[in-house]
>>> print(open('start05.tsv').read())   # TSV, C-alpha atoms
chain	number	residue	atom	x	y	z
A	460	MET	CA	-24.27	-4.00	-13.33
A	461	ALA	CA	-24.71	-3.16	-9.64
A	462	ILE	CA	-27.74	-1.63	-8.00
A	463	GLN	CA	-27.81	2.14	-7.76
A	464	ARG	CA	-29.36	2.38	-4.26
A	465	MET	CA	-32.12	1.00	-2.10
A	466	ASP	CA	-35.05	3.23	-3.05
A	467	ASN	CA	-37.55	2.46	-0.29
A	468	VAL	CA	-39.03	-0.09	2.08
A	469	GLY	CA	-42.76	-0.77	1.71
A	470	ILE	CA	-45.07	-1.64	4.58
A	471	VAL	CA	-48.75	-2.59	4.26
A	472	ILE	CA	-50.84	-0.98	7.00
A	473	GLU	CA	-54.51	-0.55	7.91
A	474	ASP	CA	-54.52	2.84	9.66
A	475	MET	CA	-52.72	5.28	7.36
A	476	ASP	CA	-53.08	8.35	9.57
A	477	ALA	CA	-51.77	6.55	12.67
A	478	ALA	CA	-48.81	5.12	10.74
A	479	ILE	CA	-47.93	8.53	9.26
A	480	ALA	CA	-48.15	10.14	12.71
A	481	PHE	CA	-45.88	7.45	14.20
A	482	PHE	CA	-43.17	7.79	11.57
A	483	ALA	CA	-43.45	11.61	11.54
A	484	GLU	CA	-42.87	11.59	15.31
A	485	LEU	CA	-39.82	9.44	14.67
A	486	GLY	CA	-38.53	12.25	12.44
A	487	MET	CA	-39.53	11.16	8.93
A	488	GLN	CA	-40.97	13.77	6.58
A	489	LEU	CA	-44.09	13.12	4.52
A	490	GLU	CA	-43.27	13.56	0.82
A	491	GLY	CA	-46.80	12.95	-0.36
A	492	ARG	CA	-49.87	10.77	-0.56
A	493	ALA	CA	-51.53	9.24	-3.60
A	494	GLN	CA	-53.88	6.53	-4.75
A	495	VAL	CA	-52.49	3.77	-6.97
A	496	GLU	CA	-54.72	1.67	-9.19
A	497	GLY	CA	-55.03	0.35	-12.70
A	498	LEU	CA	-53.24	-2.01	-15.05
A	499	VAL	CA	-49.68	-1.14	-14.02
A	500	ALA	CA	-50.50	-1.67	-10.31
A	501	ASP	CA	-52.12	-5.02	-11.12
A	502	GLN	CA	-49.19	-6.11	-13.29
A	503	CYS	CA	-46.55	-5.07	-10.78
A	504	THR	CA	-48.19	-6.69	-7.74
A	505	GLY	CA	-49.61	-9.76	-9.45
A	506	LEU	CA	-53.03	-8.90	-7.96
A	507	ASP	CA	-56.28	-8.07	-9.73
A	508	GLY	CA	-58.22	-4.88	-9.10
A	509	VAL	CA	-55.58	-3.11	-7.03
A	510	ARG	CA	-56.72	0.11	-5.41
A	511	CYS	CA	-54.26	1.29	-2.81
A	512	ASP	CA	-53.61	4.49	-0.87
A	513	ILE	CA	-49.91	5.18	-0.43
A	514	ALA	CA	-47.83	7.65	1.55
A	515	MET	CA	-44.13	8.20	0.98
A	516	LEU	CA	-41.95	9.40	3.86
A	517	ARG	CA	-38.24	10.20	3.81
A	518	THR	CA	-35.54	10.38	6.43
A	519	PRO	CA	-34.21	13.86	7.29
A	520	ASP	CA	-30.97	13.18	5.37
A	521	GLY	CA	-33.02	12.42	2.23
A	522	HIS	CA	-31.29	9.08	1.59
A	523	SER	CA	-33.96	6.62	2.74
A	524	ARG	CA	-37.69	6.36	2.14
A	525	LEU	CA	-40.57	4.39	3.55
A	526	GLU	CA	-43.71	3.67	1.53
A	527	LEU	CA	-46.87	2.98	3.52
A	528	ALA	CA	-49.64	1.22	1.61
A	529	LYS	CA	-53.28	0.78	2.60
A	530	TYR	CA	-55.09	-1.63	0.29
A	531	ARG	CA	-58.70	-0.76	-0.54
A	532	SER	CA	-58.84	-3.76	-2.86
A	533	PRO	CA	-58.17	-6.57	-2.92
A	534	ALA	CA	-58.73	-7.00	0.80
A	535	VAL	CA	-55.69	-7.15	3.09
A	536	ILE	CA	-54.63	-10.63	4.16
A	537	SER	CA	-53.50	-11.01	7.75
A	538	ALA	CA	-50.03	-12.46	8.24
A	539	GLY	CA	-50.99	-13.67	11.70
A	540	PRO	CA	-50.91	-12.04	15.09
A	541	ARG	CA	-49.47	-8.54	15.25
A	542	ASN	CA	-47.29	-9.38	18.22
A	543	ARG	CA	-45.18	-11.93	16.36
A	544	PRO	CA	-41.79	-12.61	17.92
A	545	HIS	CA	-38.62	-11.26	16.39
A	546	ASN	CA	-37.51	-14.62	14.94
A	547	VAL	CA	-40.39	-15.11	12.46
A	548	LEU	CA	-39.25	-15.73	8.88
A	549	GLY	CA	-39.36	-12.73	6.57
A	550	THR	CA	-38.74	-9.06	7.11
A	551	HIS	CA	-38.53	-8.60	10.83
A	552	ARG	CA	-37.67	-4.93	11.34
A	553	VAL	CA	-36.75	-1.56	9.94
A	554	MET	CA	-33.82	0.09	11.77
A	555	PHE	CA	-33.33	3.82	12.30
A	556	ALA	CA	-30.33	5.68	13.72
A	557	VAL	CA	-31.47	8.16	16.40
A	558	ASP	CA	-29.77	10.85	18.47
A	559	ASP	CA	-31.37	9.97	21.82
A	560	ILE	CA	-32.97	6.55	22.20
A	561	GLU	CA	-34.66	7.24	25.54
A	562	ASP	CA	-36.28	10.43	24.23
A	563	THR	CA	-37.33	8.72	20.99
A	564	VAL	CA	-39.01	5.85	22.83
A	565	ALA	CA	-40.78	8.31	25.13
A	566	ARG	CA	-42.08	10.36	22.17
A	567	LEU	CA	-43.31	7.25	20.34
A	568	ARG	CA	-45.18	5.71	23.31
A	569	PRO	CA	-48.22	8.00	22.83
A	570	HIS	CA	-48.36	6.66	19.26
A	571	GLY	CA	-48.68	3.09	20.54
A	572	ALA	CA	-44.99	2.10	20.62
A	573	GLU	CA	-44.07	-0.65	23.06
A	574	LEU	CA	-40.64	-2.08	23.75
A	575	VAL	CA	-40.26	-5.62	22.40
A	576	GLY	CA	-37.52	-6.36	24.94
A	577	GLU	CA	-35.56	-3.65	26.66
A	578	ILE	CA	-33.04	-0.96	25.81
A	579	ALA	CA	-29.62	-2.62	25.66
A	580	ARG	CA	-26.05	-1.41	25.37
A	581	PHE	CA	-23.70	-3.05	22.86
A	582	GLU	CA	-20.17	-2.58	24.17
A	583	ASP	CA	-19.14	1.07	23.96
A	584	SER	CA	-20.63	1.42	20.49
A	585	TYR	CA	-24.44	1.51	20.52
A	586	VAL	CA	-27.56	1.62	22.63
A	587	LEU	CA	-30.21	-0.45	20.85
A	588	CYS	CA	-33.84	-1.48	21.18
A	589	TYR	CA	-36.75	-2.84	19.23
A	590	ILE	CA	-40.18	-1.33	19.55
A	591	ARG	CA	-43.45	-2.54	18.16
A	592	GLY	CA	-45.03	0.24	16.13
A	593	PRO	CA	-48.21	0.56	14.07
A	594	GLU	CA	-49.70	-2.67	12.73
A	595	GLY	CA	-47.25	-4.63	14.90
A	596	ILE	CA	-44.24	-3.54	12.82
A	597	ILE	CA	-40.97	-4.03	14.66
A	598	VAL	CA	-38.88	-0.88	14.43
A	599	GLY	CA	-35.25	-0.94	15.55
A	600	LEU	CA	-33.64	2.12	17.10
A	601	ALA	CA	-29.88	2.58	17.38
A	602	GLU	CA	-28.08	5.39	19.19
A	603	GLN	CA	-24.37	5.50	18.41
A	604	LEU	CA	-22.30	6.30	21.47
A	605	ARG	CA	-19.71	9.00	21.00
>>> encode(input="start05.tsv", output="C-alpha coordinates")
Amino acid sequence: MAIQRMDNVGIVIEDMDAAIAFFAELGMQLEGRAQVEGLVADQCTGLDGVRCDIAMLRTPDGHSRLELAKYRSPAVISAGPRNRPHNVLGTHRVMFAVDDIEDTVARLRPHGAELVGEIARFEDSYVLCYIRGPEGIIVGLAEQLR
(Lines of atoms letter the chains of each structure in order from A and count residues from 1; the text may use other names and numbers.)
(Lines give C-alpha, C1' and ligand atoms only; values in the text may rest on other atoms or scores of the structure.)
Protein backbone atom coordinates (compact mmCIF):
# COMPACT_ATOMS: atom_id res chain seq x y z
CA MET A 1 0.00 0.00 0.00
CA ALA A 2 1.27 3.47 -0.90
CA ILE A 3 0.72 6.67 1.02
CA GLN A 4 -2.33 8.71 0.07
CA ARG A 5 -0.71 12.16 0.39
CA MET A 6 1.47 14.27 2.65
CA ASP A 7 -1.07 15.73 5.07
CA ASN A 8 0.94 18.49 6.74
CA VAL A 9 4.28 19.69 8.03
CA GLY A 10 4.46 20.51 11.75
CA ILE A 11 6.61 23.24 13.25
CA VAL A 12 7.04 23.95 16.96
CA ILE A 13 7.07 27.68 17.67
CA GLU A 14 7.00 30.02 20.67
CA ASP A 15 5.10 33.04 19.31
CA MET A 16 1.91 31.72 17.73
CA ASP A 17 0.51 35.08 16.64
CA ALA A 18 3.76 36.14 14.96
CA ALA A 19 4.07 32.79 13.16
CA ILE A 20 0.46 32.93 11.94
CA ALA A 21 0.97 36.51 10.71
CA PHE A 22 4.15 35.50 8.85
CA PHE A 23 2.59 32.55 7.05
CA ALA A 24 -0.65 34.48 6.36
CA GLU A 25 1.43 37.22 4.71
CA LEU A 26 3.05 34.50 2.63
CA GLY A 27 -0.44 33.60 1.40
CA MET A 28 -1.48 30.70 3.63
CA GLN A 29 -5.02 30.67 5.01
CA LEU A 30 -5.75 29.94 8.66
CA GLU A 31 -8.08 26.93 8.90
CA GLY A 32 -8.40 27.07 12.66
CA ARG A 33 -6.83 27.03 16.09
CA ALA A 34 -7.29 24.55 18.91
CA GLN A 35 -5.76 23.24 22.09
CA VAL A 36 -4.57 19.63 22.17
CA GLU A 37 -4.13 17.72 25.40
CA GLY A 38 -4.94 14.45 27.06
CA LEU A 39 -4.13 10.77 26.71
CA VAL A 40 -4.12 10.63 22.90
CA ALA A 41 -1.71 13.61 22.69
CA ASP A 42 0.58 11.97 25.26
CA GLN A 43 0.48 8.61 23.48
CA CYS A 44 1.10 10.07 20.04
CA THR A 45 4.01 12.31 21.05
CA GLY A 46 5.59 10.03 23.63
CA LEU A 47 5.50 12.93 26.12
CA ASP A 48 3.67 13.20 29.44
CA GLY A 49 1.23 15.98 30.24
CA VAL A 50 1.01 17.45 26.75
CA ARG A 51 -0.88 20.72 26.52
CA CYS A 52 -0.33 22.38 23.18
CA ASP A 53 -1.94 25.20 21.19
CA ILE A 54 -2.08 24.46 17.48
CA ALA A 55 -2.97 26.40 14.36
CA MET A 56 -3.54 24.80 10.98
CA LEU A 57 -2.87 26.80 7.82
CA ARG A 58 -3.38 25.72 4.22
CA THR A 59 -1.97 26.83 0.91
CA PRO A 60 -4.35 28.67 -1.45
CA ASP A 61 -4.65 25.58 -3.69
CA GLY A 62 -5.82 23.53 -0.68
CA HIS A 63 -3.27 20.75 -1.25
CA SER A 64 -0.73 21.49 1.49
CA ARG A 65 -1.03 22.34 5.16
CA LEU A 66 1.23 23.61 7.89
CA GLU A 67 0.57 22.88 11.57
CA LEU A 68 2.07 25.32 14.06
CA ALA A 69 2.36 24.04 17.63
CA LYS A 70 3.07 26.02 20.79
CA TYR A 71 3.75 23.73 23.74
CA ARG A 72 2.38 24.89 27.10
CA SER A 73 3.64 21.67 28.68
CA PRO A 74 6.00 20.01 28.78
CA ALA A 75 8.34 22.94 28.29
CA VAL A 76 9.86 23.50 24.85
CA ILE A 77 13.42 22.25 24.42
CA SER A 78 15.74 24.45 22.41
CA ALA A 79 17.41 22.81 19.43
CA GLY A 80 20.25 25.31 19.59
CA PRO A 81 20.72 28.73 18.09
CA ARG A 82 17.95 29.98 15.84
CA ASN A 83 20.37 31.09 13.16
CA ARG A 84 21.62 27.57 12.41
CA PRO A 85 23.21 27.17 8.99
CA HIS A 86 21.41 25.40 6.19
CA ASN A 87 23.51 22.21 6.44
CA VAL A 88 22.43 21.13 9.96
CA LEU A 89 21.07 17.57 10.13
CA GLY A 90 17.29 17.25 10.16
CA THR A 91 14.54 19.20 8.51
CA HIS A 92 16.18 22.27 7.10
CA ARG A 93 13.43 24.11 5.23
CA VAL A 94 9.88 24.28 3.97
CA MET A 95 9.64 25.39 0.30
CA PHE A 96 6.83 27.42 -1.24
CA ALA A 97 6.19 28.28 -4.89
CA VAL A 98 5.51 32.02 -5.26
CA ASP A 99 4.46 34.30 -8.12
CA ASP A 100 6.92 37.13 -7.42
CA ILE A 101 9.92 36.38 -5.20
CA GLU A 102 11.06 40.00 -4.81
CA ASP A 103 7.58 41.12 -3.73
CA THR A 104 7.21 38.16 -1.37
CA VAL A 105 10.53 38.87 0.36
CA ALA A 106 9.61 42.55 0.68
CA ARG A 107 6.22 41.71 2.25
CA LEU A 108 7.78 39.24 4.70
CA ARG A 109 10.57 41.56 5.92
CA PRO A 110 8.23 43.46 8.30
CA HIS A 111 7.42 40.06 9.82
CA GLY A 112 11.09 39.46 10.63
CA ALA A 113 12.16 37.62 7.46
CA GLU A 114 15.84 37.86 6.57
CA LEU A 115 17.59 36.39 3.56
CA VAL A 116 19.85 33.47 4.50
CA GLY A 117 21.99 34.06 1.40
CA GLU A 118 20.75 35.96 -1.59
CA ILE A 119 18.17 35.62 -4.33
CA ALA A 120 19.67 33.39 -7.02
CA ARG A 121 18.68 32.37 -10.53
CA PHE A 122 18.82 28.70 -11.54
CA GLU A 123 19.33 28.60 -15.30
CA ASP A 124 16.20 29.79 -17.10
CA SER A 125 13.95 27.81 -14.78
CA TYR A 126 13.69 29.35 -11.30
CA VAL A 127 14.57 32.25 -9.08
CA LEU A 128 15.21 30.87 -5.59
CA CYS A 129 16.06 32.04 -2.09
CA TYR A 130 15.99 30.97 1.51
CA ILE A 131 14.72 33.28 4.20
CA ARG A 132 14.80 32.86 7.93
CA GLY A 133 11.29 33.21 9.29
CA PRO A 134 9.73 32.97 12.76
CA GLU A 135 11.64 30.93 15.34
CA GLY A 136 14.59 30.75 12.93
CA ILE A 137 12.71 28.48 10.50
CA ILE A 138 14.29 28.43 7.06
CA VAL A 139 11.64 28.97 4.41
CA GLY A 140 12.48 28.42 0.76
CA LEU A 141 10.84 30.49 -1.96
CA ALA A 142 10.80 29.48 -5.62
CA GLU A 143 9.52 31.57 -8.52
CA GLN A 144 9.20 29.58 -11.73
CA LEU A 145 10.30 31.57 -14.75
CA ARG A 146 7.91 31.51 -17.67
>>> closest_atom_pairs(input="start05.tsv", of="segment 466-523 of chain A", to="segment 557-564 of chain A", cutoff="12 Å", atoms="only C-alpha atoms", output="Markdown table")
| residue | atom | partner | partner_atom | distance |
| --- | --- | --- | --- | --- |
| A:Phe481 | CA | A:Thr563 | CA | 11.0 |
| A:Phe482 | CA | A:Thr563 | CA | 11.1 |
| A:Ala483 | CA | A:Thr563 | CA | 11.6 |
| A:Glu484 | CA | A:Thr563 | CA | 8.4 |
| A:Leu485 | CA | A:Thr563 | CA | 6.8 |
| A:Gly486 | CA | A:Val557 | CA | 9.1 |
| A:Met487 | CA | A:Val557 | CA | 11.4 |
| A:Thr518 | CA | A:Val557 | CA | 11.0 |
| A:Pro519 | CA | A:Val557 | CA | 11.1 |
>>> closest_residue(input="start05.tsv", among="A:Met554, A:Val598, A:Ile513, A:Leu525", to="Arg492 of chain A", atoms="all atoms listed in the file")
A:Ile513
>>> closest_atom_pairs(input="start05.tsv", of="segment 469-534 of chain A", to="segment 571-595 of chain A", cutoff="10 Å", atoms="all atoms listed in the file", output="CSV")
residue,atom,partner,partner_atom,distance
A:Ile470,CA,A:Glu594,CA,9.4
A:Val471,CA,A:Glu594,CA,8.5
A:Ile472,CA,A:Glu594,CA,6.1
A:Glu473,CA,A:Glu594,CA,7.1
A:Asp474,CA,A:Glu594,CA,7.9
A:Met475,CA,A:Pro593,CA,9.4
A:Ala477,CA,A:Pro593,CA,7.1
A:Ala478,CA,A:Pro593,CA,5.7
A:Ile479,CA,A:Pro593,CA,9.3
A:Ala480,CA,A:Pro593,CA,9.7
A:Phe481,CA,A:Pro593,CA,7.3
A:Phe482,CA,A:Gly592,CA,9.0
>>> residues_around(input="start05.tsv", residues="Arg510 of chain A", least_positions_apart="4", cutoff="9 Å", atoms="all atoms listed in the file", output="list in words")
Gln494, Val495, Glu496, Gly497, Ala500, Asp501, Lys529, Tyr530, Arg531, Ser532 and Pro533 of chain A
>>> atom_distance(input="start05.tsv", atom1="atom CA of Leu600 of chain A", atom2="atom CA of Asp466 of chain A")
20.2 Å
>>> decode(input="start05.tsv", residues="segment 508-541 of chain A", atoms="N, CA and C atoms", output="PDB file, in the first residue's frame")
ATOM      1  N   GLY A 508       1.837  14.711  29.889  1.00  0.00           N
ATOM      2  CA  GLY A 508       1.227  15.981  30.244  1.00  0.00           C
ATOM      3  C   GLY A 508       1.201  16.998  29.119  1.00  0.00           C
ATOM      4  N   VAL A 509       1.017  16.543  27.891  1.00  0.00           N
ATOM      5  CA  VAL A 509       1.006  17.450  26.746  1.00  0.00           C
ATOM      6  C   VAL A 509      -0.187  18.400  26.845  1.00  0.00           C
ATOM      7  N   ARG A 510       0.121  19.662  26.684  1.00  0.00           N
ATOM      8  CA  ARG A 510      -0.885  20.716  26.515  1.00  0.00           C
ATOM      9  C   ARG A 510      -0.295  21.654  25.483  1.00  0.00           C
ATOM     10  N   CYS A 511      -0.932  21.714  24.330  1.00  0.00           N
ATOM     11  CA  CYS A 511      -0.334  22.377  23.175  1.00  0.00           C
ATOM     12  C   CYS A 511      -1.395  23.164  22.413  1.00  0.00           C
ATOM     13  N   ASP A 512      -1.084  24.408  22.080  1.00  0.00           N
ATOM     14  CA  ASP A 512      -1.937  25.202  21.193  1.00  0.00           C
ATOM     15  C   ASP A 512      -1.488  24.918  19.768  1.00  0.00           C
ATOM     16  N   ILE A 513      -2.441  24.687  18.876  1.00  0.00           N
ATOM     17  CA  ILE A 513      -2.082  24.456  17.481  1.00  0.00           C
ATOM     18  C   ILE A 513      -2.875  25.402  16.573  1.00  0.00           C
ATOM     19  N   ALA A 514      -2.294  25.661  15.427  1.00  0.00           N
ATOM     20  CA  ALA A 514      -2.973  26.399  14.359  1.00  0.00           C
ATOM     21  C   ALA A 514      -2.688  25.659  13.069  1.00  0.00           C
ATOM     22  N   MET A 515      -3.703  25.477  12.266  1.00  0.00           N
ATOM     23  CA  MET A 515      -3.542  24.797  10.984  1.00  0.00           C
ATOM     24  C   MET A 515      -3.757  25.824   9.877  1.00  0.00           C
ATOM     25  N   LEU A 516      -2.781  25.900   8.971  1.00  0.00           N
ATOM     26  CA  LEU A 516      -2.871  26.801   7.823  1.00  0.00           C
ATOM     27  C   LEU A 516      -2.781  25.971   6.556  1.00  0.00           C
ATOM     28  N   ARG A 517      -3.427  26.449   5.489  1.00  0.00           N
ATOM     29  CA  ARG A 517      -3.380  25.718   4.221  1.00  0.00           C
ATOM     30  C   ARG A 517      -2.954  26.656   3.098  1.00  0.00           C
ATOM     31  N   THR A 518      -2.367  26.057   2.086  1.00  0.00           N
ATOM     32  CA  THR A 518      -1.974  26.825   0.907  1.00  0.00           C
ATOM     33  C   THR A 518      -3.235  27.187   0.119  1.00  0.00           C
ATOM     34  N   PRO A 519      -3.169  28.246  -0.700  1.00  0.00           N
ATOM     35  CA  PRO A 519      -4.350  28.668  -1.451  1.00  0.00           C
ATOM     36  C   PRO A 519      -4.948  27.576  -2.343  1.00  0.00           C
ATOM     37  N   ASP A 520      -4.113  26.648  -2.838  1.00  0.00           N
ATOM     38  CA  ASP A 520      -4.647  25.580  -3.691  1.00  0.00           C
ATOM     39  C   ASP A 520      -5.305  24.471  -2.880  1.00  0.00           C
ATOM     40  N   GLY A 521      -5.180  24.511  -1.547  1.00  0.00           N
ATOM     41  CA  GLY A 521      -5.819  23.527  -0.679  1.00  0.00           C
ATOM     42  C   GLY A 521      -5.110  22.196  -0.580  1.00  0.00           C
ATOM     43  N   HIS A 522      -3.950  22.044  -1.228  1.00  0.00           N
ATOM     44  CA  HIS A 522      -3.270  20.751  -1.250  1.00  0.00           C
ATOM     45  C   HIS A 522      -2.257  20.552  -0.138  1.00  0.00           C
ATOM     46  N   SER A 523      -1.771  21.619   0.468  1.00  0.00           N
ATOM     47  CA  SER A 523      -0.727  21.494   1.487  1.00  0.00           C
ATOM     48  C   SER A 523      -1.128  22.245   2.749  1.00  0.00           C
ATOM     49  N   ARG A 524      -0.695  21.707   3.885  1.00  0.00           N
ATOM     50  CA  ARG A 524      -1.032  22.340   5.163  1.00  0.00           C
ATOM     51  C   ARG A 524       0.201  22.406   6.050  1.00  0.00           C
ATOM     52  N   LEU A 525       0.166  23.377   6.933  1.00  0.00           N
ATOM     53  CA  LEU A 525       1.231  23.609   7.893  1.00  0.00           C
ATOM     54  C   LEU A 525       0.589  23.669   9.273  1.00  0.00           C
ATOM     55  N   GLU A 526       1.091  22.865  10.199  1.00  0.00           N
ATOM     56  CA  GLU A 526       0.574  22.877  11.569  1.00  0.00           C
ATOM     57  C   GLU A 526       1.606  23.545  12.468  1.00  0.00           C
ATOM     58  N   LEU A 527       1.213  24.638  13.091  1.00  0.00           N
ATOM     59  CA  LEU A 527       2.066  25.321  14.058  1.00  0.00           C
ATOM     60  C   LEU A 527       1.666  24.847  15.445  1.00  0.00           C
ATOM     61  N   ALA A 528       2.642  24.546  16.286  1.00  0.00           N
ATOM     62  CA  ALA A 528       2.361  24.040  17.625  1.00  0.00           C
ATOM     63  C   ALA A 528       3.148  24.829  18.661  1.00  0.00           C
ATOM     64  N   LYS A 529       2.436  25.315  19.673  1.00  0.00           N
ATOM     65  CA  LYS A 529       3.073  26.016  20.790  1.00  0.00           C
ATOM     66  C   LYS A 529       2.813  25.179  22.041  1.00  0.00           C
ATOM     67  N   TYR A 530       3.882  24.585  22.570  1.00  0.00           N
ATOM     68  CA  TYR A 530       3.749  23.730  23.744  1.00  0.00           C
ATOM     69  C   TYR A 530       3.631  24.567  25.012  1.00  0.00           C
ATOM     70  N   ARG A 531       2.555  24.305  25.760  1.00  0.00           N
ATOM     71  CA  ARG A 531       2.384  24.889  27.103  1.00  0.00           C
ATOM     72  C   ARG A 531       3.055  23.971  28.120  1.00  0.00           C
ATOM     73  N   SER A 532       2.925  22.657  27.873  1.00  0.00           N
ATOM     74  CA  SER A 532       3.638  21.670  28.678  1.00  0.00           C
ATOM     75  C   SER A 532       3.749  20.386  27.855  1.00  0.00           C
ATOM     76  N   PRO A 533       4.795  19.620  28.037  1.00  0.00           N
ATOM     77  CA  PRO A 533       5.995  20.010  28.778  1.00  0.00           C
ATOM     78  C   PRO A 533       6.698  21.177  28.077  1.00  0.00           C
ATOM     79  N   ALA A 534       7.637  21.762  28.802  1.00  0.00           N
ATOM     80  CA  ALA A 534       8.344  22.939  28.294  1.00  0.00           C
ATOM     81  C   ALA A 534       9.070  22.623  26.984  1.00  0.00           C
ATOM     82  N   VAL A 535       9.150  23.621  26.124  1.00  0.00           N
ATOM     83  CA  VAL A 535       9.863  23.498  24.853  1.00  0.00           C
ATOM     84  C   VAL A 535      11.351  23.308  25.125  1.00  0.00           C
ATOM     85  N   ILE A 536      11.980  22.487  24.328  1.00  0.00           N
ATOM     86  CA  ILE A 536      13.421  22.255  24.422  1.00  0.00           C
ATOM     87  C   ILE A 536      14.081  22.936  23.232  1.00  0.00           C
ATOM     88  N   SER A 537      15.050  23.748  23.487  1.00  0.00           N
ATOM     89  CA  SER A 537      15.739  24.455  22.410  1.00  0.00           C
ATOM     90  C   SER A 537      16.619  23.484  21.621  1.00  0.00           C
ATOM     91  N   ALA A 538      16.574  23.632  20.303  1.00  0.00           N
ATOM     92  CA  ALA A 538      17.409  22.806  19.426  1.00  0.00           C
ATOM     93  C   ALA A 538      18.714  23.520  19.104  1.00  0.00           C
ATOM     94  N   GLY A 539      19.029  24.562  19.843  1.00  0.00           N
ATOM     95  CA  GLY A 539      20.253  25.308  19.586  1.00  0.00           C
ATOM     96  C   GLY A 539      19.933  26.688  19.057  1.00  0.00           C
ATOM     97  N   PRO A 540      20.937  27.361  18.557  1.00  0.00           N
ATOM     98  CA  PRO A 540      20.718  28.729  18.092  1.00  0.00           C
ATOM     99  C   PRO A 540      19.717  28.778  16.938  1.00  0.00           C
ATOM    100  N   ARG A 541      18.965  29.854  16.879  1.00  0.00           N
ATOM    101  CA  ARG A 541      17.946  29.984  15.842  1.00  0.00           C
ATOM    102  C   ARG A 541      18.518  30.357  14.489  1.00  0.00           C
TER     103      ARG A 541
END
